[in-house]
$ cat start-v8.cif   # mmCIF, C-alpha atoms
data_target
#
loop_
_atom_site.group_PDB
_atom_site.id
_atom_site.type_symbol
_atom_site.label_atom_id
_atom_site.label_comp_id
_atom_site.auth_asym_id
_atom_site.auth_seq_id
_atom_site.Cartn_x
_atom_site.Cartn_y
_atom_site.Cartn_z
ATOM 1 C CA MET A 1 -1.776 -73.495 47.616
ATOM 2 C CA THR A 2 -2.860 -71.862 50.859
ATOM 3 C CA GLY A 3 -1.356 -68.717 52.327
ATOM 4 C CA ARG A 4 0.441 -70.814 54.945
ATOM 5 C CA ASP A 5 1.915 -73.065 52.267
ATOM 6 C CA ALA A 6 3.047 -70.025 50.285
ATOM 7 C CA GLU A 7 4.667 -68.505 53.367
ATOM 8 C CA ARG A 8 6.432 -71.804 54.125
ATOM 9 C CA ARG A 9 7.706 -72.021 50.540
ATOM 10 C CA ALA A 10 8.897 -68.413 50.648
ATOM 11 C CA LEU A 11 10.803 -69.077 53.880
ATOM 12 C CA GLN A 12 12.352 -72.202 52.382
ATOM 13 C CA LEU A 13 13.448 -70.236 49.309
ATOM 14 C CA ILE A 14 14.943 -67.360 51.314
ATOM 15 C CA VAL A 15 16.793 -69.743 53.641
ATOM 16 C CA ALA A 16 18.129 -71.662 50.622
ATOM 17 C CA ILE A 17 19.400 -68.426 49.081
ATOM 18 C CA ALA A 18 20.925 -67.320 52.405
ATOM 19 C CA CYS A 19 22.698 -70.711 52.661
ATOM 20 C CA LEU A 20 24.659 -69.829 49.535
ATOM 21 C CA VAL A 21 26.724 -67.398 51.629
ATOM 22 C CA PRO A 22 28.300 -69.870 54.084
ATOM 23 C CA LEU A 23 28.472 -72.619 51.462
ATOM 24 C CA THR A 24 30.287 -70.421 48.943
ATOM 25 C CA ILE A 25 32.452 -68.290 51.231
ATOM 26 C CA GLY A 26 33.183 -71.187 53.578
ATOM 27 C CA GLY A 27 34.149 -73.464 50.695
ATOM 28 C CA ILE A 28 36.416 -70.882 49.043
ATOM 29 C CA SER A 29 38.010 -70.014 52.387
ATOM 30 C CA VAL A 30 38.731 -73.652 53.250
ATOM 31 C CA ALA A 31 40.239 -74.263 49.811
ATOM 32 C CA LYS A 32 42.242 -71.056 49.405
ATOM 33 C CA GLY A 33 42.921 -69.818 52.935
ATOM 34 C CA PRO A 34 42.959 -66.126 53.833
ATOM 35 C CA GLY A 35 45.030 -65.123 50.801
ATOM 36 C CA TRP A 36 41.954 -64.873 48.570
ATOM 37 C CA LEU A 37 40.820 -61.856 50.606
ATOM 38 C CA GLY A 38 43.642 -59.826 49.080
ATOM 39 C CA HIS A 39 45.804 -59.322 52.149
ATOM 40 C CA PRO A 40 49.603 -59.646 52.387
ATOM 41 C CA PRO A 41 50.891 -62.809 50.696
ATOM 42 C CA VAL A 42 52.711 -64.006 53.825
ATOM 43 C CA VAL A 43 50.209 -65.355 56.339
ATOM 44 C CA PRO A 44 51.552 -67.044 59.482
ATOM 45 C CA SER A 45 50.778 -70.774 59.448
ATOM 46 C CA ASP A 46 48.832 -70.563 62.730
ATOM 47 C CA LEU A 47 46.618 -67.788 61.320
ATOM 48 C CA ASP A 48 46.050 -69.778 58.122
ATOM 49 C CA SER A 49 45.178 -72.858 60.183
ATOM 50 C CA GLN A 50 42.737 -70.942 62.371
ATOM 51 C CA PHE A 51 41.171 -69.209 59.365
ATOM 52 C CA ARG A 52 40.592 -72.505 57.549
ATOM 53 C CA TYR A 53 39.280 -74.167 60.729
ATOM 54 C CA VAL A 54 36.731 -71.410 61.322
ATOM 55 C CA SER A 55 35.889 -71.457 57.600
ATOM 56 C CA GLY A 56 35.220 -75.191 57.855
ATOM 57 C CA ILE A 57 32.831 -74.520 60.731
ATOM 58 C CA PHE A 58 31.151 -71.821 58.601
ATOM 59 C CA LEU A 59 30.792 -74.304 55.729
ATOM 60 C CA GLY A 60 29.369 -76.912 58.116
ATOM 61 C CA LEU A 61 26.939 -74.346 59.483
ATOM 62 C CA GLY A 62 25.659 -73.725 55.969
ATOM 63 C CA LEU A 63 25.216 -77.462 55.414
ATOM 64 C CA ALA A 64 23.372 -77.773 58.730
ATOM 65 C CA PHE A 65 20.996 -74.952 57.743
ATOM 66 C CA VAL A 66 20.358 -76.760 54.441
ATOM 67 C CA THR A 67 19.106 -79.785 56.401
ATOM 68 C CA CYS A 68 16.401 -77.573 57.903
ATOM 69 C CA ILE A 69 14.906 -76.545 54.561
ATOM 70 C CA PRO A 70 12.772 -79.581 53.584
ATOM 71 C CA ALA A 71 10.748 -79.634 56.829
ATOM 72 C CA ILE A 72 11.510 -76.127 58.019
ATOM 73 C CA GLU A 73 8.299 -75.892 60.040
ATOM 74 C CA ARG A 74 9.454 -78.876 62.156
ATOM 75 C CA ARG A 75 13.116 -77.882 62.561
ATOM 76 C CA GLY A 76 12.653 -75.058 65.066
ATOM 77 C CA ALA A 77 15.106 -76.248 67.716
ATOM 78 C CA ARG A 78 17.846 -76.925 65.158
ATOM 79 C CA PHE A 79 17.146 -73.666 63.331
ATOM 80 C CA ARG A 80 17.319 -71.659 66.571
ATOM 81 C CA LEU A 81 20.563 -73.346 67.651
ATOM 82 C CA LEU A 82 22.199 -72.661 64.288
ATOM 83 C CA GLY A 83 20.882 -69.100 64.357
ATOM 84 C CA LEU A 84 22.311 -68.610 67.842
ATOM 85 C CA LEU A 85 25.737 -69.691 66.568
ATOM 86 C CA VAL A 86 25.494 -67.142 63.752
ATOM 87 C CA VAL A 87 24.446 -64.358 66.136
ATOM 88 C CA ALA A 88 27.324 -65.259 68.498
ATOM 89 C CA GLY A 89 29.717 -64.941 65.554
ATOM 90 C CA GLY A 90 28.170 -61.599 64.660
ATOM 91 C CA LEU A 91 28.657 -60.337 68.190
ATOM 92 C CA ALA A 92 32.318 -61.395 67.994
ATOM 93 C CA ARG A 93 32.623 -59.552 64.676
ATOM 94 C CA ALA A 94 31.050 -56.446 66.278
ATOM 95 C CA LEU A 95 33.586 -56.687 69.101
ATOM 96 C CA SER A 96 36.382 -56.757 66.512
ATOM 97 C CA TRP A 97 34.937 -53.653 64.859
ATOM 98 C CA ALA A 98 34.893 -51.860 68.231
ATOM 99 C CA ALA A 99 38.367 -53.027 69.255
ATOM 100 C CA VAL A 100 40.306 -52.948 65.974
ATOM 101 C CA GLY A 101 38.277 -50.865 63.547
ATOM 102 C CA ALA A 102 35.811 -51.189 60.718
ATOM 103 C CA PRO A 103 36.152 -54.241 58.489
ATOM 104 C CA SER A 104 35.755 -54.294 54.715
ATOM 105 C CA THR A 105 32.373 -54.004 53.023
ATOM 106 C CA GLY A 106 32.009 -57.768 52.688
ATOM 107 C CA HIS A 107 32.458 -58.251 56.403
ATOM 108 C CA ARG A 108 30.017 -55.433 57.136
ATOM 109 C CA LEU A 109 27.458 -57.228 54.984
ATOM 110 C CA GLY A 110 28.237 -60.386 56.956
ATOM 111 C CA LEU A 111 27.537 -58.503 60.167
ATOM 112 C CA ALA A 112 24.189 -57.351 58.771
ATOM 113 C CA MET A 113 23.326 -60.984 57.974
ATOM 114 C CA GLU A 114 24.497 -62.211 61.380
ATOM 115 C CA LEU A 115 22.772 -59.631 63.556
ATOM 116 C CA GLY A 116 19.891 -58.653 61.287
ATOM 117 C CA VAL A 117 18.808 -61.181 58.675
ATOM 118 C CA VAL A 118 19.359 -64.375 60.671
ATOM 119 C CA PRO A 119 17.389 -63.200 63.743
ATOM 120 C CA LEU A 120 14.546 -62.171 61.407
ATOM 121 C CA LEU A 121 14.649 -65.595 59.738
ATOM 122 C CA MET A 122 14.501 -67.212 63.177
ATOM 123 C CA LEU A 123 11.348 -65.220 63.978
ATOM 124 C CA TRP A 124 9.860 -66.092 60.600
ATOM 125 C CA GLN A 125 10.581 -69.792 61.077
ATOM 126 C CA ALA A 126 8.841 -69.673 64.471
ATOM 127 C CA ARG A 127 5.815 -68.007 62.862
ATOM 128 C CA VAL A 128 5.642 -70.650 60.126
ATOM 129 C CA ALA A 129 5.985 -73.421 62.723
ATOM 130 C CA ARG A 130 3.131 -71.954 64.800
ATOM 131 C CA GLY A 131 0.919 -71.730 61.717
ATOM 132 C CA ARG A 132 1.514 -75.393 60.822
ATOM 133 C CA ARG A 133 0.468 -76.765 64.237
#

$ encode --input "start-v8.cif" --output "structure tokens"
Amino acid sequence: MTGRDAERRALQLIVAIACLVPLTIGGISVAKGPGWLGHPPVVPSDLDSQFRYVSGIFLGLGLAFVTCIPAIERRGARFRLLGLLVVAGGLARALSWAAVGAPSTGHRLGLAMELGVVPLLMLWQARVARGRR
């Protein structure tokens, strides 16, 4: 296995592991609604609906990232578009932090993924794609 092949495999592995976040959290959130986060038991129906809708998008985003894994070096446009959606969500989460206050630890970790890890993965994918040309 060449160094380029090893780097490609490492990227595929890291992306697969990162996909566990939206697949798991999105799936739980769609199934259980916002109540599983430990907040007041009475959640307005519109808030529950919006939460599950956005959670479904999050789950779909994870599935879309999974489709990039097998040929990750050739999925640059898709990977960048999906990454842009994640970064946009992270910026919205940062706005919430500024406007309403600090979220829980889990949401802070999400913010680190959205504005830190995902942009780094986008750069790494571009590097792998350049090396495979």

$ resolve_selection --input "start-v8.cif" --expression "the PyMOL selection byres ((chain A and resi 83-99) around 8)" --output "ChimeraX atom specification"
/A:79-82,100-103,110-111,114-115,118-119,122

$ write_last_selection --input "start-v8.cif" --atoms "C-alpha atoms" --output "compact mmCIF listing (two decimals), keeping the file's coordinate frame"
# COMPACT_ATOMS: atom_id res chain seq x y z
CA PHE A 79 17.15 -73.67 63.33
CA ARG A 80 17.32 -71.66 66.57
CA LEU A 81 20.56 -73.35 67.65
CA LEU A 82 22.20 -72.66 64.29
CA VAL A 100 40.31 -52.95 65.97
CA GLY A 101 38.28 -50.86 63.55
CA ALA A 102 35.81 -51.19 60.72
CA PRO A 103 36.15 -54.24 58.49
CA GLY A 110 28.24 -60.39 56.96
CA LEU A 111 27.54 -58.50 60.17
CA GLU A 114 24.50 -62.21 61.38
CA LEU A 115 22.77 -59.63 63.56
CA VAL A 118 19.36 -64.38 60.67
CA PRO A 119 17.39 -63.20 63.74
CA MET A 122 14.50 -67.21 63.18

$ closest_residue --input "start-v8.cif" --among "A:Arg4, A:Thr105, A:Ile57, A:Gly76" --to "Leu123 (chain A)" --atoms "only C-alpha atoms"
A:Gly76

$ atom_distance --input "start-v8.cif" --atom1 "CA of Glu7 (chain A)" --atom2 "CA of Arg127 (chain A)"
9.6 Å

$ resolve_selection --input "start-v8.cif" --expression "the PyMOL selection byres ((chain A and resi 74) around 12)" --output "list in words"
Arg8, Thr67, Cys68, Ile69, Pro70, Ala71, Ile72, Glu73, Arg75, Gly76, Ala77, Arg78, Phe79, Arg80, Gln125, Ala126, Arg127, Val128, Ala129, Arg130, Gly131, Arg132 and Arg133 of chain A

$ resolve_selection --input "start-v8.cif" --expression "the PyMOL selection byres ((chain A and resi 59) around 6)" --output "list in words"
Pro22, Leu23, Gly26, Gly56, Ile57, Phe58, Gly60, Leu61 and Gly62 of chain A

$ axis_aligned_box --input "start-v8.cif" --around "region 57-76 of chain A" --padding-each-side "6 Å" --output "lines of an AutoDock Vina configuration file"
center_x = 20.6
center_y = -75.8
center_z = 59.3
size_x = 36.5
size_y = 20.0
size_z = 23.5

$ atom_distance --input "start-v8.cif" --atom1 "CA of Met1 (chain A)" --atom2 "CA of Val66 (chain A)"
23.4 Å

$ residues_near_point --input "start-v8.cif" --point "(42.4, -67.5, 58.8)" --cutoff "8 Å" --atoms "all atoms listed in the file" --output "ChimeraX atom specification"
/A:33-34,47-55

$ build_atoms --input "start-v8.cif" --residues "region 11-36 of chain A" --atoms "N, CA, C and O atoms" --output "CSV table (one decimal), keeping the file's coordinate frame"
chain,number,residue,atom,x,y,z
A,11,LEU,N,9.8,-68.9,52.9
A,11,LEU,CA,10.8,-69.1,53.9
A,11,LEU,C,11.8,-70.1,53.4
A,11,LEU,O,13.1,-69.8,53.5
A,12,GLN,N,11.4,-71.2,52.9
A,12,GLN,CA,12.4,-72.2,52.4
A,12,GLN,C,13.3,-71.6,51.3
A,12,GLN,O,14.5,-71.8,51.3
A,13,LEU,N,12.7,-70.8,50.4
A,13,LEU,CA,13.4,-70.2,49.3
A,13,LEU,C,14.5,-69.2,49.9
A,13,LEU,O,15.6,-69.3,49.5
A,14,ILE,N,14.0,-68.4,50.8
A,14,ILE,CA,14.9,-67.4,51.3
A,14,ILE,C,16.1,-68.0,52.1
A,14,ILE,O,17.2,-67.6,52.0
A,15,VAL,N,15.7,-69.0,52.9
A,15,VAL,CA,16.8,-69.7,53.6
A,15,VAL,C,17.8,-70.4,52.7
A,15,VAL,O,19.0,-70.4,52.9
A,16,ALA,N,17.2,-71.0,51.6
A,16,ALA,CA,18.1,-71.7,50.6
A,16,ALA,C,19.1,-70.6,50.0
A,16,ALA,O,20.3,-70.9,49.8
A,17,ILE,N,18.6,-69.5,49.7
A,17,ILE,CA,19.4,-68.4,49.1
A,17,ILE,C,20.4,-68.0,50.1
A,17,ILE,O,21.6,-67.8,49.8
A,18,ALA,N,20.0,-67.8,51.4
A,18,ALA,CA,20.9,-67.3,52.4
A,18,ALA,C,22.0,-68.4,52.6
A,18,ALA,O,23.2,-68.0,53.0
A,19,CYS,N,21.7,-69.6,52.5
A,19,CYS,CA,22.7,-70.7,52.7
A,19,CYS,C,23.8,-70.6,51.6
A,19,CYS,O,24.9,-71.2,51.9
A,20,LEU,N,23.6,-70.0,50.5
A,20,LEU,CA,24.7,-69.8,49.5
A,20,LEU,C,25.9,-69.1,50.1
A,20,LEU,O,27.0,-69.3,49.7
A,21,VAL,N,25.6,-68.2,51.1
A,21,VAL,CA,26.7,-67.4,51.6
A,21,VAL,C,27.7,-68.3,52.4
A,21,VAL,O,28.9,-68.3,52.0
A,22,PRO,N,27.3,-69.0,53.4
A,22,PRO,CA,28.3,-69.9,54.1
A,22,PRO,C,28.8,-71.0,53.2
A,22,PRO,O,30.0,-71.4,53.4
A,23,LEU,N,28.0,-71.5,52.3
A,23,LEU,CA,28.5,-72.6,51.5
A,23,LEU,C,29.6,-72.1,50.5
A,23,LEU,O,30.6,-72.8,50.3
A,24,THR,N,29.3,-71.0,49.9
A,24,THR,CA,30.3,-70.4,48.9
A,24,THR,C,31.5,-69.9,49.6
A,24,THR,O,32.7,-70.3,49.3
A,25,ILE,N,31.3,-68.9,50.6
A,25,ILE,CA,32.5,-68.3,51.2
A,25,ILE,C,33.2,-69.3,52.1
A,25,ILE,O,34.5,-69.3,52.1
A,26,GLY,N,32.5,-70.2,52.8
A,26,GLY,CA,33.2,-71.2,53.6
A,26,GLY,C,34.0,-72.1,52.7
A,26,GLY,O,35.2,-72.4,53.0
A,27,GLY,N,33.4,-72.6,51.6
A,27,GLY,CA,34.1,-73.5,50.7
A,27,GLY,C,35.4,-72.8,50.1
A,27,GLY,O,36.5,-73.4,50.1
A,28,ILE,N,35.3,-71.6,49.6
A,28,ILE,CA,36.4,-70.9,49.0
A,28,ILE,C,37.5,-70.7,50.1
A,28,ILE,O,38.7,-70.9,49.9
A,29,SER,N,37.1,-70.3,51.3
A,29,SER,CA,38.0,-70.0,52.4
A,29,SER,C,38.8,-71.3,52.9
A,29,SER,O,39.9,-71.2,53.2
A,30,VAL,N,38.1,-72.4,52.9
A,30,VAL,CA,38.7,-73.7,53.2
A,30,VAL,C,39.8,-74.0,52.2
A,30,VAL,O,40.9,-74.4,52.5
A,31,ALA,N,39.4,-73.9,50.9
A,31,ALA,CA,40.2,-74.3,49.8
A,31,ALA,C,41.4,-73.3,49.6
A,31,ALA,O,42.5,-73.8,49.4
A,32,LYS,N,41.2,-72.0,49.8
A,32,LYS,CA,42.2,-71.1,49.4
A,32,LYS,C,42.9,-70.4,50.6
A,32,LYS,O,43.9,-69.7,50.4
A,33,GLY,N,42.3,-70.5,51.8
A,33,GLY,CA,42.9,-69.8,52.9
A,33,GLY,C,42.6,-68.3,52.9
A,33,GLY,O,41.9,-67.9,52.0
A,34,PRO,N,43.3,-67.6,53.8
A,34,PRO,CA,43.0,-66.1,53.8
A,34,PRO,C,43.5,-65.3,52.7
A,34,PRO,O,43.1,-64.2,52.5
A,35,GLY,N,44.4,-65.9,51.9
A,35,GLY,CA,45.0,-65.1,50.8
A,35,GLY,C,44.0,-64.6,49.8
A,35,GLY,O,44.3,-63.6,49.2
A,36,TRP,N,42.9,-65.3,49.6
A,36,TRP,CA,42.0,-64.9,48.6
A,36,TRP,C,41.3,-63.6,48.9
A,36,TRP,O,40.7,-62.9,48.1
